[in-house]
file protein.txt (compact mmCIF, C-alpha atoms)
# COMPACT_ATOMS: atom_id res chain seq x y z
CA MET C 1 -2.01 -33.10 17.00
CA ARG C 2 -4.13 -33.65 20.08
CA VAL C 3 -5.74 -30.46 21.36
CA ARG C 4 -7.48 -30.34 24.69
CA ILE C 5 -10.28 -27.79 24.66
CA SER C 6 -11.48 -26.47 27.97
CA ARG C 7 -13.97 -23.84 29.02
CA LYS C 8 -11.18 -21.89 30.65
CA LYS C 9 -9.22 -21.74 27.39
CA LEU C 10 -12.26 -20.73 25.39
CA ARG C 11 -12.85 -17.80 27.71
CA ASP C 12 -9.24 -16.70 27.55
CA GLU C 13 -8.73 -13.04 28.30
CA VAL C 14 -6.09 -12.54 25.61
CA ILE C 15 -8.40 -13.89 22.92
CA ALA C 16 -11.18 -11.59 24.10
CA ARG C 17 -8.64 -8.76 23.87
CA ILE C 18 -7.74 -9.77 20.29
CA GLU C 19 -11.44 -9.57 19.39
CA GLU C 20 -11.71 -6.21 21.08
CA ILE C 21 -8.64 -4.68 19.41
CA SER C 22 -9.53 -6.07 15.97
CA GLY C 23 -13.26 -5.44 16.26
CA GLU C 24 -13.74 -8.84 14.59
CA GLN C 25 -15.82 -11.76 15.82
CA ILE C 26 -13.60 -14.81 15.48
CA SER C 27 -16.41 -17.36 15.97
CA LYS C 28 -18.01 -16.27 12.68
CA CYS C 29 -15.32 -18.11 10.68
CA PHE C 30 -16.46 -21.47 9.23
CA GLN C 31 -13.03 -22.43 7.91
CA CYS C 32 -13.63 -22.18 4.17
CA GLY C 33 -9.94 -21.39 3.71
CA LYS C 34 -10.32 -18.59 1.17
CA CYS C 35 -8.02 -16.35 3.22
CA SER C 36 -5.20 -18.85 3.01
CA ALA C 37 -5.91 -19.66 -0.64
CA GLY C 38 -5.55 -16.02 -1.66
CA CYS C 39 -2.75 -14.97 0.69
CA PRO C 40 0.38 -14.05 -1.32
CA SER C 41 2.65 -14.67 1.68
CA VAL C 42 1.63 -18.20 2.77
CA ASP C 43 4.97 -19.59 1.53
CA SER C 44 6.70 -17.74 4.33
CA MET C 45 4.14 -18.55 7.04
CA ASP C 46 4.37 -21.38 9.56
CA ILE C 47 0.61 -21.46 10.27
CA LEU C 48 -1.98 -20.72 7.57
CA PRO C 49 -4.25 -17.68 8.13
CA ASN C 50 -7.39 -19.82 8.46
CA GLN C 51 -5.54 -21.99 11.00
CA ILE C 52 -4.69 -18.88 13.01
CA ILE C 53 -8.40 -18.12 13.23
CA ARG C 54 -9.18 -21.76 14.12
CA LEU C 55 -6.56 -21.78 16.89
CA LEU C 56 -8.11 -18.65 18.35
CA GLN C 57 -11.57 -20.23 18.14
CA ILE C 58 -10.44 -23.17 20.26
CA GLY C 59 -8.49 -21.07 22.73
CA GLU C 60 -4.94 -21.84 21.57
CA LYS C 61 -3.53 -18.34 21.86
CA ASP C 62 0.07 -19.31 22.69
CA GLU C 63 0.65 -20.95 19.32
CA VAL C 64 -0.76 -17.90 17.55
CA LEU C 65 1.38 -15.43 19.48
CA ALA C 66 4.52 -17.52 18.90
CA SER C 67 3.89 -17.89 15.17
CA ARG C 68 5.88 -16.36 12.36
CA THR C 69 2.62 -15.84 10.48
CA ILE C 70 1.42 -12.81 12.43
CA TRP C 71 4.62 -10.95 11.49
CA VAL C 72 4.71 -12.12 7.88
CA CYS C 73 1.18 -10.77 7.29
CA ASP C 74 1.68 -7.25 5.94
CA SER C 75 -2.00 -6.25 5.72
CA CYS C 76 -2.48 -6.51 1.95
CA PHE C 77 -6.17 -7.28 2.71
CA THR C 78 -6.58 -9.95 0.03
CA CYS C 79 -8.16 -12.13 2.76
CA GLU C 80 -10.43 -9.29 3.83
CA SER C 81 -11.67 -8.73 0.30
CA ARG C 82 -12.52 -12.43 -0.16
CA CYS C 83 -13.87 -13.58 3.22
CA PRO C 84 -17.49 -14.74 2.73
CA LYS C 85 -18.21 -14.02 6.40
CA GLY C 86 -16.84 -10.50 6.29
CA ILE C 87 -14.02 -11.12 8.75
CA ASP C 88 -11.04 -8.82 8.36
CA VAL C 89 -8.25 -11.33 9.02
CA ALA C 90 -5.62 -8.60 8.62
CA LYS C 91 -7.12 -6.85 11.64
CA VAL C 92 -6.95 -10.06 13.67
CA MET C 93 -3.25 -10.39 12.75
CA GLU C 94 -2.69 -6.76 13.78
CA ALA C 95 -4.41 -7.39 17.12
CA ALA C 96 -2.20 -10.43 17.77
CA ARG C 97 0.90 -8.32 17.01
CA GLN C 98 -0.39 -5.60 19.30
CA ILE C 99 -0.73 -8.06 22.20
CA ILE C 100 3.03 -8.63 21.95
CA LEU C 101 4.13 -5.08 21.10
CA ARG C 102 2.06 -3.54 23.89
CA ALA C 103 3.95 -5.68 26.38
CA ASN C 104 6.93 -3.57 25.33
CA VAL C 105 8.53 -6.28 23.22
CA ASP C 106 9.77 -4.91 19.90
CA LYS C 107 9.90 -7.36 17.04
CA VAL C 108 12.46 -5.23 15.23
CA LYS C 109 14.99 -3.25 17.23
CA PRO C 110 15.78 -0.13 15.23
CA TYR C 111 19.10 0.51 16.96
CA GLU C 112 20.30 -2.96 16.00
CA ILE C 113 19.72 -2.40 12.28
CA ASP C 114 22.89 -1.61 10.36
CA GLU C 115 22.70 1.98 9.07
CA LYS C 116 23.59 0.81 5.58
CA THR C 117 20.30 -1.11 5.46
CA PHE C 118 18.43 2.20 5.32
CA GLU C 119 20.44 3.64 2.43
CA GLY C 120 18.26 4.40 -0.55
CA LEU C 121 15.14 2.92 1.06
CA PRO C 122 11.89 4.88 0.67
CA GLN C 123 10.82 6.53 3.95
CA ALA C 124 7.38 5.03 3.50
CA GLY C 125 8.97 1.58 3.84
CA ILE C 126 11.09 2.46 6.87
CA VAL C 127 8.29 4.19 8.77
CA SER C 128 5.79 1.42 7.96
CA CYS C 129 8.24 -1.23 9.10
CA LEU C 130 8.90 0.47 12.42
CA ARG C 131 5.20 1.11 12.98
CA LYS C 132 4.33 -2.52 12.42
CA PHE C 133 7.25 -4.04 14.32
CA THR C 134 7.74 -1.78 17.32
CA GLY C 135 5.43 -0.92 20.21
CA MET I 1 -7.93 23.85 -13.38
CA LYS I 2 -6.25 23.97 -9.97
CA ILE I 3 -6.43 21.00 -7.65
CA ALA I 4 -4.83 20.61 -4.19
CA TYR I 5 -2.04 18.11 -3.95
CA TYR I 6 -0.69 16.22 -0.94
CA PRO I 7 2.77 14.76 -1.70
CA GLY I 8 3.81 12.77 1.37
CA CYS I 9 7.43 12.19 2.38
CA THR I 10 8.70 9.65 -0.10
CA LEU I 11 7.88 11.76 -3.14
CA LYS I 12 10.44 14.29 -1.94
CA THR I 13 13.29 11.73 -1.84
CA THR I 14 13.31 8.38 -3.63
CA GLY I 15 10.03 9.07 -5.39
CA THR I 16 10.89 12.34 -7.12
CA GLY I 17 10.43 10.61 -10.48
CA LEU I 18 6.77 10.10 -9.58
CA GLU I 19 6.23 13.61 -8.25
CA MET I 20 7.94 15.52 -11.04
CA SER I 21 6.44 13.46 -13.84
CA ALA I 22 2.97 13.67 -12.26
CA ILE I 23 3.11 17.46 -11.95
CA ALA I 24 4.37 17.84 -15.53
CA ALA I 25 1.87 15.37 -17.04
CA ALA I 26 -1.08 16.79 -15.08
CA LYS I 27 -0.16 20.32 -16.19
CA ALA I 28 -0.10 19.23 -19.83
CA LEU I 29 -3.59 17.80 -19.27
CA GLY I 30 -4.85 21.07 -17.79
CA LEU I 31 -4.67 20.04 -14.13
CA GLU I 32 -2.47 22.21 -11.97
CA LEU I 33 -1.39 20.26 -8.88
CA VAL I 34 -1.04 22.87 -6.13
CA GLU I 35 0.96 21.50 -3.20
CA LEU I 36 -0.62 22.15 0.21
CA GLU I 37 1.26 24.95 1.93
CA ARG I 38 1.66 22.93 5.11
CA TRP I 39 1.55 19.18 5.35
CA ASN I 40 3.04 16.39 7.43
CA CYS I 41 3.66 12.65 7.05
CA CYS I 42 0.34 10.79 6.89
CA GLY I 43 1.73 8.16 9.26
CA THR I 44 2.24 5.62 6.44
CA VAL I 45 0.44 2.36 7.28
CA HIS I 46 -3.02 2.94 8.70
CA SER I 47 -3.41 1.43 12.16
CA LEU I 48 -5.79 -1.53 12.16
CA ALA I 49 -6.24 -1.57 15.92
CA ASN I 50 -9.73 -0.43 16.87
CA ASP I 51 -8.52 1.34 20.00
CA ASN I 52 -5.62 3.15 18.35
CA ILE I 53 -6.93 6.67 17.90
CA ILE I 54 -3.64 8.54 18.11
CA ASN I 55 -2.27 7.16 14.83
CA ASN I 56 -5.10 8.87 12.93
CA LEU I 57 -4.13 12.36 13.99
CA ALA I 58 -1.36 12.99 11.44
CA ALA I 59 -3.70 12.27 8.56
CA VAL I 60 -6.50 14.39 10.05
CA ARG I 61 -4.10 17.33 10.33
CA ASN I 62 -3.43 17.13 6.59
CA LEU I 63 -7.15 17.17 5.88
CA ILE I 64 -7.58 20.21 8.15
CA ARG I 65 -4.71 21.98 6.32
CA ALA I 66 -6.50 21.38 3.03
CA LYS I 67 -9.76 22.73 4.40
CA GLU I 68 -8.06 25.79 5.87
CA SER I 69 -6.74 26.61 2.42
CA GLY I 70 -10.26 26.45 1.04
CA TYR I 71 -10.10 23.07 -0.68
CA ASP I 72 -12.82 20.43 -0.54
CA ARG I 73 -10.57 17.64 -1.89
CA PHE I 74 -6.96 16.78 -2.48
CA VAL I 75 -5.05 14.53 -4.79
CA THR I 76 -2.42 12.01 -3.68
CA LEU I 77 0.12 10.18 -5.82
CA CYS I 78 1.57 7.63 -3.40
CA SER I 79 -0.70 4.61 -2.86
CA ILE I 80 0.19 4.44 0.84
CA CYS I 81 -0.78 8.09 1.43
CA TYR I 82 -3.96 7.56 -0.58
CA ASN I 83 -4.91 4.56 1.53
CA THR I 84 -4.11 6.11 4.91
CA GLN I 85 -5.67 9.49 4.18
CA LYS I 86 -8.84 7.92 2.82
CA SER I 87 -9.12 5.33 5.62
CA VAL I 88 -8.81 8.03 8.27
CA ASN I 89 -11.30 10.23 6.42
CA ASN I 90 -13.74 7.29 6.44
CA ILE I 91 -13.34 6.94 10.21
CA ILE I 92 -14.20 10.62 10.68
CA ARG I 93 -17.18 10.30 8.35
CA ASN I 94 -18.59 7.06 9.80
CA ASP I 95 -17.60 6.86 13.45
CA GLU I 96 -19.08 9.64 15.58
CA GLU I 97 -17.38 8.44 18.75
CA LYS I 98 -13.89 8.39 17.24
CA LYS I 99 -14.50 11.69 15.46
CA GLY I 100 -15.41 13.24 18.80
CA LYS I 101 -12.32 11.87 20.50
CA ILE I 102 -10.00 13.00 17.71
CA ASN I 103 -11.47 16.49 17.57
CA SER I 104 -11.39 16.97 21.32
CA PHE I 105 -7.83 15.68 21.52
CA MET I 106 -6.78 18.19 18.86
CA TYR I 107 -8.38 21.09 20.69
CA GLU I 108 -5.87 23.52 19.17
CA GLU I 109 -7.23 22.74 15.68
CA PRO I 110 -10.66 23.52 14.24
CA ASP I 111 -13.01 20.51 14.34
CA TYR I 112 -12.82 18.34 11.24
CA GLU I 113 -16.05 16.85 9.89
CA GLY I 114 -14.77 14.68 7.04
CA ASP I 115 -15.68 17.17 4.34
CA VAL I 116 -12.44 17.00 2.33
CA ALA I 117 -12.41 14.21 -0.27
CA VAL I 118 -9.24 12.17 -0.85
CA LEU I 119 -8.53 11.29 -4.48
CA HIS I 120 -5.78 9.50 -6.33
CA LEU I 121 -4.37 11.12 -9.45
CA LEU I 122 -5.73 8.22 -11.54
CA GLU I 123 -9.25 9.19 -10.46
CA ALA I 124 -8.59 12.90 -10.97
CA ILE I 125 -7.44 12.32 -14.56
CA ARG I 126 -10.40 10.03 -15.26
CA ASP I 127 -13.01 12.35 -13.75
CA GLU I 128 -11.63 15.84 -14.38
CA VAL I 129 -9.89 15.35 -17.72
CA GLY I 130 -11.42 12.14 -19.05
CA PHE I 131 -9.38 9.46 -20.78
CA GLY I 132 -10.99 10.37 -24.11
CA ASN I 133 -9.82 13.99 -23.85
CA MET I 134 -6.44 12.81 -22.64
CA ALA I 135 -6.06 10.62 -25.75
CA GLU I 136 -6.45 13.70 -27.93
CA LYS I 137 -3.41 15.30 -26.29
CA ILE I 138 -1.10 12.34 -26.92
CA SER I 139 1.62 13.43 -29.34
CA LYS I 140 3.86 10.37 -29.06
CA PRO I 141 1.62 7.30 -28.90
CA LEU I 142 3.21 4.43 -26.98
CA SER I 143 1.86 1.94 -29.54
CA SER I 144 5.14 0.02 -29.72
CA LEU I 145 5.19 -0.61 -25.95
CA LYS I 146 3.62 -3.57 -24.19
CA ILE I 147 2.86 -2.53 -20.63
CA ALA I 148 1.67 -4.65 -17.71
CA PRO I 149 -0.22 -2.46 -15.19
CA TYR I 150 0.54 -3.16 -11.54
CA TYR I 151 -1.79 -1.84 -8.83
CA GLY I 152 -0.54 -3.57 -5.70
CA CYS I 153 -2.76 -3.52 -2.62
CA LEU I 154 -3.40 -0.08 -1.31
CA LEU I 155 -5.43 1.47 -4.13
CA LEU I 156 -7.86 -1.44 -3.98
CA ARG I 157 -8.05 -2.82 -0.46
CA PRO I 158 -9.71 -2.79 2.01
CA LYS I 159 -13.18 -2.48 0.41
CA GLU I 160 -13.96 1.00 1.76
CA ILE I 161 -11.05 2.64 -0.02
CA ALA I 162 -11.08 0.75 -3.37
CA LEU I 163 -10.91 3.15 -6.32
CA ASP I 164 -11.94 0.41 -8.73
CA SER I 165 -12.96 -3.27 -8.84
CA GLN I 166 -10.94 -5.12 -6.22
CA GLU I 167 -10.41 -8.30 -8.22
CA ASN I 168 -10.12 -6.89 -11.71
CA PRO I 169 -9.43 -3.16 -11.75
CA THR I 170 -9.19 -1.51 -15.17
CA ILE I 171 -8.57 2.19 -14.49
CA MET I 172 -4.84 2.00 -15.27
CA GLU I 173 -5.53 -0.14 -18.35
CA GLU I 174 -7.92 2.54 -19.61
CA LEU I 175 -5.33 5.26 -19.01
CA LEU I 176 -2.56 3.28 -20.69
CA SER I 177 -4.80 2.39 -23.65
CA ALA I 178 -5.49 6.09 -24.09
CA THR I 179 -1.72 6.65 -24.47
CA GLY I 180 -1.76 4.12 -27.30
CA ALA I 181 0.19 1.49 -25.34
CA GLN I 182 -0.58 -2.21 -25.71
CA VAL I 183 -1.87 -3.36 -22.34
CA VAL I 184 -0.74 -6.77 -21.11
CA ASP I 185 -3.27 -8.62 -18.97
CA ASP I 186 -1.46 -9.89 -15.90
CA PRO I 187 -3.11 -11.84 -13.07
CA TYR I 188 -0.47 -10.65 -10.61
CA LYS I 189 -1.46 -7.00 -11.00
CA THR I 190 -3.18 -6.81 -7.60
CA GLU I 191 -0.70 -9.01 -5.72
CA CYS I 192 1.27 -7.55 -2.78
CA CYS I 193 4.91 -6.57 -3.47
CA GLY I 194 6.04 -7.41 0.07
CA THR I 195 5.87 -3.77 1.15
CA TYR I 196 7.82 -2.78 4.32
CA HIS I 197 9.40 -6.24 4.69
CA THR I 198 11.96 -4.78 2.30
CA VAL I 199 13.67 -3.22 5.34
CA VAL I 200 14.21 -6.35 7.42
CA ASP I 201 13.33 -9.37 5.26
CA VAL I 202 14.70 -8.88 1.76
CA ASP I 203 14.30 -12.58 0.92
CA LEU I 204 10.53 -12.35 1.35
CA VAL I 205 10.33 -9.33 -0.96
CA VAL I 206 12.57 -11.03 -3.54
CA GLU I 207 10.08 -13.91 -3.73
CA HIS I 208 7.13 -11.56 -4.19
CA ALA I 209 8.98 -9.43 -6.73
CA TYR I 210 10.16 -12.46 -8.71
CA ARG I 211 6.61 -13.82 -8.99
CA ILE I 212 5.16 -10.49 -10.11
CA LEU I 213 7.97 -9.54 -12.49
CA SER I 214 8.42 -12.93 -14.12
CA SER I 215 4.67 -13.16 -14.70
CA ALA I 216 4.78 -9.88 -16.63
CA VAL I 217 7.86 -10.99 -18.59
CA LYS I 218 6.25 -14.35 -19.42
CA ARG I 219 3.20 -12.57 -20.79
CA GLY I 220 5.36 -10.54 -23.16
CA ALA I 221 5.40 -7.19 -21.34
CA ASP I 222 8.26 -4.78 -22.17
CA ALA I 223 7.71 -2.90 -18.91
CA ILE I 224 5.51 -2.57 -15.83
CA SER I 225 3.53 0.49 -14.77
CA THR I 226 2.97 1.29 -11.10
CA THR I 227 1.67 4.09 -8.86
CA CYS I 228 3.49 3.63 -5.56
CA PRO I 229 7.07 4.55 -4.58
CA LEU I 230 7.37 1.52 -2.28
CA CYS I 231 6.05 -0.91 -4.92
CA HIS I 232 8.46 0.77 -7.32
CA PHE I 233 11.39 0.19 -4.98
CA ASN I 234 10.47 -3.45 -4.45
CA LEU I 235 9.86 -4.18 -8.11
CA ASP I 236 12.71 -2.12 -9.56
CA ARG I 237 15.55 -1.87 -7.01
CA ARG I 238 15.06 -5.38 -5.69
CA GLN I 239 15.68 -6.77 -9.19
CA LYS I 240 19.34 -6.71 -8.17
CA GLU I 241 18.66 -9.35 -5.49
CA VAL I 242 16.13 -11.18 -7.70
CA GLY I 243 18.80 -11.53 -10.40
CA LYS I 244 21.28 -12.93 -7.89
CA ARG I 245 18.85 -15.58 -6.72
CA TYR I 246 17.30 -16.51 -10.05
CA GLY I 247 19.92 -16.89 -12.77
CA ASP I 248 17.32 -17.07 -15.56
CA PHE I 249 15.65 -13.80 -14.51
CA LYS I 250 15.35 -11.19 -17.25
CA PRO I 251 15.33 -7.58 -15.92
CA ILE I 252 12.30 -5.49 -16.85
CA PRO I 253 11.91 -1.70 -16.50
CA VAL I 254 9.31 -0.46 -14.01
CA PHE I 255 7.71 2.91 -14.75
CA TYR I 256 5.47 5.16 -12.73
CA PHE I 257 2.33 5.57 -14.84
CA THR I 258 3.02 9.32 -14.84
CA GLN I 259 6.42 8.81 -16.49
CA LEU I 260 4.70 6.94 -19.33
CA LEU I 261 2.23 9.81 -19.57
CA CYS I 262 5.07 12.33 -19.86
CA ILE I 263 6.65 10.39 -22.73
CA ALA I 264 3.28 10.02 -24.49
CA LEU I 265 2.47 13.72 -24.03
CA GLY I 266 5.77 14.64 -25.68
CA LEU I 267 7.32 16.06 -22.48
CA GLY I 268 10.44 13.94 -22.87
CA GLU I 269 12.52 12.31 -20.16
CA GLU I 270 13.37 15.51 -18.30
CA PRO I 271 10.59 15.33 -15.64
CA CYS I 272 11.01 11.57 -15.20
CA ASN I 273 14.25 11.19 -13.21
CA PHE I 274 15.03 7.89 -14.88
CA GLU I 275 18.53 7.99 -13.36
CA LEU I 276 16.96 6.90 -10.04
CA HIS I 277 15.83 3.58 -11.57
CA TYR I 278 17.83 0.40 -11.11
CA VAL I 279 16.70 -0.96 -14.49
CA ASP I 280 17.11 2.14 -16.65
CA PRO I 281 14.09 2.36 -18.97
CA ARG I 282 15.83 4.72 -21.41
CA SER I 283 17.34 1.96 -23.57
CA LEU I 284 13.86 0.44 -24.03
CA LEU I 285 12.36 3.84 -24.87
CA ALA I 286 15.19 4.56 -27.35
CA GLU I 287 14.78 1.15 -28.95
CA LYS I 288 11.06 1.89 -29.45
CA HIS I 289 11.88 5.37 -30.83
CA LEU I 290 10.10 7.10 -27.97
CA LEU I 291 12.97 9.26 -26.74
call {"tool": "encode", "arguments": {"input": "protein.txt", "output": "structure tokens"}}
result
Amino acid sequence: MRVRISRKKLRDEVIARIEEISGEQISKCFQCGKCSAGCPSVDSMDILPNQIIRLLQIGEKDEVLASRTIWVCDSCFTCESRCPKGIDVAKVMEAARQIILRANVDKVKPYEIDEKTFEGLPQAGIVSCLRKFTG
Amino acid sequence: MKIAYYPGCTLKTTGTGLEMSAIAAAKALGLELVELERWNCCGTVHSLANDNIINNLAAVRNLIRAKESGYDRFVTLCSICYNTQKSVNNIIRNDEEKKGKINSFMYEEPDYEGDVAVLHLLEAIRDEVGFGNMAEKISKPLSSLKIAPYYGCLLLRPKEIALDSQENPTIMEELLSATGAQVVDDPYKTECCGTYHTVVDVDLVVEHAYRILSSAVKRGADAISTTCPLCHFNLDRRQKEVGKRYGDFKPIPVFYFTQLLCIALGLGEEPCNFELHYVDPRSLLAEKHLL
């Protein structure tokens, strides 16, 4: 894939916002890939966690925000515990989700979920799900 | 010895097997879990957004309630509550600016300074009772049972809240060994169960559960031991969907570690609420002459 890198893209406001919300410095990543190697959910992701960080480094925010990956990540922190540069990738994923949710776009619409779905589910699961997927 | 106890919501509904067995087992070990008089939901998942202060308030209120009642620590049973309460406590202890904002926002409450410690019952048993002393109280050793411990994520990650080694924790192994059980070493013991995806993406959870459960089965475990009501739901209840997708899948009972303790301490099945399990562990326990 050909990617055109420009100064404008690198100074993208949304990416600066992701760094601000996550408190993580994305440029520290040197692409060792340990986050993706340890992630238990990569099978369900369309972009690997280390690729998400790389895309943000080169200013490609649109691909990140449109990815399935940021929603599949459920903050198990395996990446965080193994990153040799001390980047908390789970926080970066959360920040990317927040960019979307704060624009008042809910990923999961509670009123569209069939009531039967909730039967027998632990509250901890329901509340966590709605906290992660709604703004 | 009395110790304050914060239950959280799920232990009052689908997780009653964990709560009741924990209270009974702790009592038999000399630890009286005294439920906080007032408490609220901890907020479940801890917010990872740096600028999200508001989501910390629920957990801070619980810590204030504990302090008001004269406690300097409280015990949790649910891994999610443990993680959230401890993460928020760490923010109060280490981030002056956020502490200031939280305290001034909650002007109707006394200021909270981070002086209540958050413990998990595993730690309380290790530190207050000691696994050696616990072993002496075992009247029905689980020596015929092969158990694979399962920690999941939230007792171990992120780094600041880990109650044991992140890559190879052994606290549950030590506890289970003290009950006489044979501990099965399982590399999937710290792998995520799929957590809240169970509400909207069952397929994803089925894949996680299948990997974790079949690894334990392959290594000869008779059962799995866990600490969290959401992990328990995903590993036990979701076996229905796992069985539908994988024809060769062999169901395996999933215990809360406290239920195993109750059996080993001779308290019987009464405090365990095994009827809430999808894979009923009673046939296994009967087969091993433990009921």
call {"tool": "residues_around", "arguments": {"input": "protein.txt", "residues": "segment 34-50 of chain C", "least_positions_apart": "6", "cutoff": "8 Å", "atoms": "only C-alpha atoms", "output": "number ranges by chain"}}
result
C: 67-69, 72-73, 78-80, 82-83, 89; I: 191-192, 204, 208
call {"tool": "atom_distance", "arguments": {"input": "protein.txt", "atom1": "atom CA of Tyr5 of chain I", "atom2": "atom CA of Leu119 of chain I"}}
result
9.4 Å
call {"tool": "closest_residue", "arguments": {"input": "protein.txt", "among": "I:Tyr82, I:Tyr210, I:Tyr71, I:Phe233", "to": "chain C", "atoms": "only C-alpha atoms"}}
result
I:Phe233
call {"tool": "interface_residues", "arguments": {"input": "protein.txt", "of": "chain C", "to": "chain I", "cutoff": "10 Å", "atoms": "all atoms listed in the file", "output": "number ranges by chain"}}
result
C: 18-24, 38-41, 43-44, 71-82, 88, 90-98, 108, 113, 117-118, 120-132
call {"tool": "write_last_selection", "arguments": {"input": "protein.txt", "atoms": "C-alpha atoms", "output": "PDB file, in the coordinates of the input"}}
result
ATOM      1  CA  ILE C  18      -7.740  -9.770  20.290  1.00  0.00           C
ATOM      2  CA  GLU C  19     -11.440  -9.570  19.390  1.00  0.00           C
ATOM      3  CA  GLU C  20     -11.710  -6.210  21.080  1.00  0.00           C
ATOM      4  CA  ILE C  21      -8.640  -4.680  19.410  1.00  0.00           C
ATOM      5  CA  SER C  22      -9.530  -6.070  15.970  1.00  0.00           C
ATOM      6  CA  GLY C  23     -13.260  -5.440  16.260  1.00  0.00           C
ATOM      7  CA  GLU C  24     -13.740  -8.840  14.590  1.00  0.00           C
ATOM      8  CA  GLY C  38      -5.550 -16.020  -1.660  1.00  0.00           C
ATOM      9  CA  CYS C  39      -2.750 -14.970   0.690  1.00  0.00           C
ATOM     10  CA  PRO C  40       0.380 -14.050  -1.320  1.00  0.00           C
ATOM     11  CA  SER C  41       2.650 -14.670   1.680  1.00  0.00           C
ATOM     12  CA  ASP C  43       4.970 -19.590   1.530  1.00  0.00           C
ATOM     13  CA  SER C  44       6.700 -17.740   4.330  1.00  0.00           C
ATOM     14  CA  TRP C  71       4.620 -10.950  11.490  1.00  0.00           C
ATOM     15  CA  VAL C  72       4.710 -12.120   7.880  1.00  0.00           C
ATOM     16  CA  CYS C  73       1.180 -10.770   7.290  1.00  0.00           C
ATOM     17  CA  ASP C  74       1.680  -7.250   5.940  1.00  0.00           C
ATOM     18  CA  SER C  75      -2.000  -6.250   5.720  1.00  0.00           C
ATOM     19  CA  CYS C  76      -2.480  -6.510   1.950  1.00  0.00           C
ATOM     20  CA  PHE C  77      -6.170  -7.280   2.710  1.00  0.00           C
ATOM     21  CA  THR C  78      -6.580  -9.950   0.030  1.00  0.00           C
ATOM     22  CA  CYS C  79      -8.160 -12.130   2.760  1.00  0.00           C
ATOM     23  CA  GLU C  80     -10.430  -9.290   3.830  1.00  0.00           C
ATOM     24  CA  SER C  81     -11.670  -8.730   0.300  1.00  0.00           C
ATOM     25  CA  ARG C  82     -12.520 -12.430  -0.160  1.00  0.00           C
ATOM     26  CA  ASP C  88     -11.040  -8.820   8.360  1.00  0.00           C
ATOM     27  CA  ALA C  90      -5.620  -8.600   8.620  1.00  0.00           C
ATOM     28  CA  LYS C  91      -7.120  -6.850  11.640  1.00  0.00           C
ATOM     29  CA  VAL C  92      -6.950 -10.060  13.670  1.00  0.00           C
ATOM     30  CA  MET C  93      -3.250 -10.390  12.750  1.00  0.00           C
ATOM     31  CA  GLU C  94      -2.690  -6.760  13.780  1.00  0.00           C
ATOM     32  CA  ALA C  95      -4.410  -7.390  17.120  1.00  0.00           C
ATOM     33  CA  ALA C  96      -2.200 -10.430  17.770  1.00  0.00           C
ATOM     34  CA  ARG C  97       0.900  -8.320  17.010  1.00  0.00           C
ATOM     35  CA  GLN C  98      -0.390  -5.600  19.300  1.00  0.00           C
ATOM     36  CA  VAL C 108      12.460  -5.230  15.230  1.00  0.00           C
ATOM     37  CA  ILE C 113      19.720  -2.400  12.280  1.00  0.00           C
ATOM     38  CA  THR C 117      20.300  -1.110   5.460  1.00  0.00           C
ATOM     39  CA  PHE C 118      18.430   2.200   5.320  1.00  0.00           C
ATOM     40  CA  GLY C 120      18.260   4.400  -0.550  1.00  0.00           C
ATOM     41  CA  LEU C 121      15.140   2.920   1.060  1.00  0.00           C
ATOM     42  CA  PRO C 122      11.890   4.880   0.670  1.00  0.00           C
ATOM     43  CA  GLN C 123      10.820   6.530   3.950  1.00  0.00           C
ATOM     44  CA  ALA C 124       7.380   5.030   3.500  1.00  0.00           C
ATOM     45  CA  GLY C 125       8.970   1.580   3.840  1.00  0.00           C
ATOM     46  CA  ILE C 126      11.090   2.460   6.870  1.00  0.00           C
ATOM     47  CA  VAL C 127       8.290   4.190   8.770  1.00  0.00           C
ATOM     48  CA  SER C 128       5.790   1.420   7.960  1.00  0.00           C
ATOM     49  CA  CYS C 129       8.240  -1.230   9.100  1.00  0.00           C
ATOM     50  CA  LEU C 130       8.900   0.470  12.420  1.00  0.00           C
ATOM     51  CA  ARG C 131       5.200   1.110  12.980  1.00  0.00           C
ATOM     52  CA  LYS C 132       4.330  -2.520  12.420  1.00  0.00           C
TER      53      LYS C 132
END
call {"tool": "residues_around", "arguments": {"input": "protein.txt", "residues": "His277 of chain I", "least_positions_apart": "2", "cutoff": "9 Å", "atoms": "all atoms listed in the file", "output": "JSON, numbers by chain"}}
result
{"I": [17, 232, 233, 236, 237, 253, 254, 255, 273, 274, 275, 279, 280, 281]}
call {"tool": "atom_distance", "arguments": {"input": "protein.txt", "atom1": "atom CA of Ala66 of chain I", "atom2": "atom CA of Gly114 of chain I"}}
result
11.4 Å
call {"tool": "atom_distance", "arguments": {"input": "protein.txt", "atom1": "atom CA of Asp12 of chain C", "atom2": "atom CA of Lys98 of chain I"}}
result
27.5 Å
call {"tool": "closest_residue", "arguments": {"input": "protein.txt", "among": "I:Leu285, I:Ile3, I:Cys272, I:Leu31", "to": "Gly70 of chain I", "atoms": "only C-alpha atoms"}}
result
I:Ile3
call {"tool": "closest_residue", "arguments": {"input": "protein.txt", "among": "I:Met134, I:Val116, I:Met20, I:Ala59", "to": "Ala178 of chain I", "atoms": "all atoms listed in the file"}}
result
I:Met134
call {"tool": "residues_around", "arguments": {"input": "protein.txt", "residues": "Leu261 of chain I", "least_positions_apart": "4", "cutoff": "7 Å", "atoms": "all atoms listed in the file", "output": "PyMOL selection string"}}
result
chain I and resi 25+257+265
